[in-house]
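Enquirer: Could you have a look at this structure, given as structure tokens, before my questions?
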Amino acid sequence: MIEKISNILRRYNFARQIYRVVKRIDFAYSIPQISPIHAKKSRFIDKRINLVIPSINKEHFFGGVSTALALFKALAGGNGKNIPARILLTDAIPGEDDLKEFPGYKMISSEEDSNEECQIVPIVHKYQRKVFTGPEDRFLSTSWWTAYCTIHMVDQQTKLFGDACNRMGYLIQDYEPGFYNWSTHYALAESTYRSNVLTFPIFNSTFLRDYFKNKGYSFEKEFVFEPRLHPMLKKYLVSKDKVEKDQRILIYGRPSVARNCFPLIVESMRIWASEQTDSKKWDVISVGETHKNIPLEKGTAIRSLGKLSLQDYARQLLRSAIGISLMVSPHPSYIPLEMAHFGLLTITNTYANKDLSSWHENILSLDCLTPDRIAEVLLSCVNQFSKDPHIGLKGQSLVLNYYSDSEMFPFIGELFENLFPPLQ
């Protein structure tokens, strides 16, 4: 009888695991991302800005991380006077090569109450995480789980030092609940927009700010900045009229990021390759994330170049004729803007109030995302380029400050004053 029951249990567990894989269900009941960060009383009382970010490792260095670091650096300017700066890492410990990008910063253990001017403090262990915190420590969160942990930490800081501490900055670069199904993670991400901590959101684009407003979120004070062309890419952009475009289609390919719709792009490319009479003459490359090369029709294939350096990416932008970059979210995404400004006829998508065709003449924003529709527009772009290889280079930017050298965060002084009110 016992053996029979044991066999039944083994079959049940096996079936349960199969069901878990098929349905993509995680039966783990812990949520390591939200393991609290505890505020431990520091003996230091000077102003200090803290960036709470998952990682500064090179493999995680996409546009969002770069933007967060730029905002952090501006805040550390202290409204005209440099103040101590600390980077709290929640997910990954940097290696020696990663730290080379942060000269002047010193790695400090979370067990040490240090007053080093510029610190990097890993707090990646998910249990019993503690950070020494003074009355003038202020925090800038950069993703929903760093915000969730920061809210807990600021609550504790407020109990230690008073209500003036009950505030934080929150760099919002997308509507992050949308990264998940309706689920625990959706609810937790969404909760960070409704906390009792006085939150000053810094929205990456008016599109995104308006999306939050349309969904009914409200904040006492909010700040907005618009995407800017990366300074390294700007150096290459001046050469765009001197470089001949190849018959090349540049795809932003990130199979692991659902909102970038890579399978949809692949299906579209298969239709295009079967209908384009000279598709074999076109070079189709994918950048962003390494994946296997994907055969299409008539001997054509999507070649993966993986994640490129900014220099190599700029070279691909200079030589490519057509770009495809999808983003099912209210954030505009940097890639379509970069493609369009480098003279590529660029296929992307609308979402809610987002329509990038209002930002550049080269951008084609599709309301309906299907393989047939994308392939149809791609066929049209190829036909236009075949008739006029310079057509993309003639497209004009409709956003005046995209190239600007002016301050990216003109509100930094006001944000600083809101984060650091006079202590009572």
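Each chain in the structure tokens gets a letter, A, B and so on, in the order shown; residues start at 1 in every chain, and ligands are counted from 1 in the order they appear.
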Hey, what's within 12 Å of Pro389 of chain A if we count only C-alpha atoms and toss same-chain stuff fewer than 6 positions away? As a ChimeraX atom specification, please?
Expert: /A:241,243-248,319-322,343-345,381-383
Enquirer: Among segment 195-324 of chain A, which ones does DSSP assign to helix (DSSP H, G or I) (computed from the backbone)? Answer as an NGL selection string.
Expert: :A and (206-214 or 231-237 or 240-242 or 258-260 or 262-275 or 279-281 or 310-319)
Enquirer: Export N, CA and C atoms of the chosen residues as a compact mmCIF listing (two decimals), in the first residue's frame?
Expert:
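Result file part_17.txt:
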```
# COMPACT_ATOMS: atom_id res chain seq x y z
N THR A 206 7.66 62.62 -22.47
CA THR A 206 6.30 63.13 -22.28
C THR A 206 5.29 62.04 -22.59
N PHE A 207 5.57 61.21 -23.60
CA PHE A 207 4.69 60.09 -23.91
C PHE A 207 4.39 59.26 -22.66
N LEU A 208 5.45 58.92 -21.94
CA LEU A 208 5.30 58.05 -20.77
C LEU A 208 4.57 58.78 -19.64
N ARG A 209 4.92 60.04 -19.41
CA ARG A 209 4.25 60.83 -18.37
C ARG A 209 2.75 60.90 -18.65
N ASP A 210 2.39 61.17 -19.91
CA ASP A 210 0.97 61.28 -20.26
C ASP A 210 0.25 59.94 -20.12
N TYR A 211 0.95 58.86 -20.40
CA TYR A 211 0.36 57.53 -20.23
C TYR A 211 -0.01 57.30 -18.76
N PHE A 212 0.88 57.68 -17.85
CA PHE A 212 0.59 57.55 -16.41
C PHE A 212 -0.59 58.42 -16.02
N LYS A 213 -0.63 59.64 -16.54
CA LYS A 213 -1.75 60.53 -16.24
C LYS A 213 -3.07 59.93 -16.73
N ASN A 214 -3.04 59.38 -17.94
CA ASN A 214 -4.25 58.79 -18.50
C ASN A 214 -4.74 57.59 -17.70
N PRO A 231 25.97 60.84 -26.88
CA PRO A 231 27.10 61.64 -27.39
C PRO A 231 28.03 60.86 -28.32
N MET A 232 28.26 59.58 -28.02
CA MET A 232 29.13 58.77 -28.89
C MET A 232 28.51 58.60 -30.27
N LEU A 233 27.20 58.36 -30.33
CA LEU A 233 26.53 58.22 -31.62
C LEU A 233 26.52 59.54 -32.38
N LYS A 234 26.43 60.63 -31.63
CA LYS A 234 26.41 61.95 -32.27
C LYS A 234 27.70 62.20 -33.06
N LYS A 235 28.81 61.67 -32.55
CA LYS A 235 30.09 61.83 -33.26
C LYS A 235 30.07 61.17 -34.62
N TYR A 236 29.34 60.06 -34.73
CA TYR A 236 29.27 59.33 -36.00
C TYR A 236 28.18 59.91 -36.91
N LEU A 237 27.19 60.53 -36.33
CA LEU A 237 26.06 61.02 -37.13
C LEU A 237 26.49 62.05 -38.16
N LYS A 240 26.94 60.74 -41.73
CA LYS A 240 25.90 59.96 -42.40
C LYS A 240 25.74 60.31 -43.88
N ASP A 241 25.97 61.58 -44.24
CA ASP A 241 25.82 61.97 -45.65
C ASP A 241 27.02 61.58 -46.50
N LYS A 242 28.09 61.10 -45.84
CA LYS A 242 29.31 60.73 -46.57
C LYS A 242 29.41 59.23 -46.81
N ALA A 258 10.15 40.20 -24.11
CA ALA A 258 8.88 39.95 -24.81
C ALA A 258 8.34 41.19 -25.51
N ARG A 259 8.50 42.37 -24.88
CA ARG A 259 7.89 43.57 -25.44
C ARG A 259 8.56 44.03 -26.74
N ASN A 260 9.73 43.46 -27.07
CA ASN A 260 10.39 43.78 -28.34
C ASN A 260 9.95 42.87 -29.48
N PHE A 262 10.29 39.86 -30.85
CA PHE A 262 11.21 39.26 -31.83
C PHE A 262 10.55 38.17 -32.67
N PRO A 263 9.74 37.26 -32.10
CA PRO A 263 9.08 36.25 -32.96
C PRO A 263 8.21 36.89 -34.04
N LEU A 264 7.56 38.01 -33.71
CA LEU A 264 6.73 38.70 -34.69
C LEU A 264 7.59 39.25 -35.83
N ILE A 265 8.75 39.78 -35.50
CA ILE A 265 9.66 40.28 -36.54
C ILE A 265 10.11 39.13 -37.44
N VAL A 266 10.45 37.98 -36.85
CA VAL A 266 10.92 36.84 -37.64
C VAL A 266 9.84 36.37 -38.61
N GLU A 267 8.60 36.26 -38.12
CA GLU A 267 7.50 35.85 -39.01
C GLU A 267 7.32 36.85 -40.15
N SER A 268 7.47 38.13 -39.83
CA SER A 268 7.35 39.17 -40.85
C SER A 268 8.44 39.04 -41.90
N MET A 269 9.66 38.75 -41.44
CA MET A 269 10.78 38.62 -42.35
C MET A 269 10.62 37.41 -43.27
N ARG A 270 10.02 36.35 -42.77
CA ARG A 270 9.78 35.17 -43.61
C ARG A 270 8.82 35.49 -44.75
N ILE A 271 7.78 36.25 -44.42
CA ILE A 271 6.82 36.65 -45.47
C ILE A 271 7.50 37.57 -46.47
N TRP A 272 8.23 38.54 -45.94
CA TRP A 272 8.93 39.49 -46.83
C TRP A 272 9.89 38.75 -47.76
N ALA A 273 10.69 37.83 -47.23
CA ALA A 273 11.69 37.13 -48.04
C ALA A 273 11.04 36.30 -49.13
N SER A 274 9.85 35.76 -48.86
CA SER A 274 9.17 34.93 -49.87
C SER A 274 8.56 35.78 -50.97
N GLU A 275 8.23 37.04 -50.65
CA GLU A 275 7.56 37.91 -51.63
C GLU A 275 8.50 38.89 -52.32
N SER A 279 15.25 39.32 -52.61
CA SER A 279 15.57 39.33 -51.18
C SER A 279 16.99 38.82 -50.90
N LYS A 280 17.50 37.95 -51.78
CA LYS A 280 18.84 37.39 -51.56
C LYS A 280 19.91 38.48 -51.64
N LYS A 281 19.61 39.59 -52.29
CA LYS A 281 20.58 40.67 -52.41
C LYS A 281 20.67 41.51 -51.13
N LEU A 310 29.10 50.71 -28.93
CA LEU A 310 28.46 51.88 -29.55
C LEU A 310 29.11 52.22 -30.88
N GLN A 311 30.42 52.03 -30.97
CA GLN A 311 31.12 52.32 -32.22
C GLN A 311 30.66 51.39 -33.34
N ASP A 312 30.59 50.09 -33.04
CA ASP A 312 30.17 49.12 -34.06
C ASP A 312 28.70 49.31 -34.42
N TYR A 313 27.90 49.64 -33.41
CA TYR A 313 26.48 49.90 -33.66
C TYR A 313 26.33 51.11 -34.58
N ALA A 314 27.11 52.16 -34.33
CA ALA A 314 27.05 53.35 -35.17
C ALA A 314 27.43 53.03 -36.61
N ARG A 315 28.42 52.16 -36.79
CA ARG A 315 28.83 51.78 -38.15
C ARG A 315 27.71 51.03 -38.87
N GLN A 316 26.99 50.19 -38.15
CA GLN A 316 25.86 49.50 -38.76
C GLN A 316 24.75 50.48 -39.12
N LEU A 317 24.51 51.46 -38.26
CA LEU A 317 23.50 52.47 -38.56
C LEU A 317 23.87 53.26 -39.81
N LEU A 318 25.14 53.57 -39.95
CA LEU A 318 25.58 54.35 -41.11
C LEU A 318 25.37 53.60 -42.42
N ARG A 319 25.57 52.27 -42.40
CA ARG A 319 25.52 51.49 -43.65
C ARG A 319 24.15 50.89 -43.95
```
Enquirer: For Ile251 of chain A, which residue among A:Asp405, A:Glu222, A:Asp91, A:Glu289 is the nearest when counting only C-alpha atoms?
Expert: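 The shortest atom-to-atom distance to Ile251 of chain A comes from A:Glu289.
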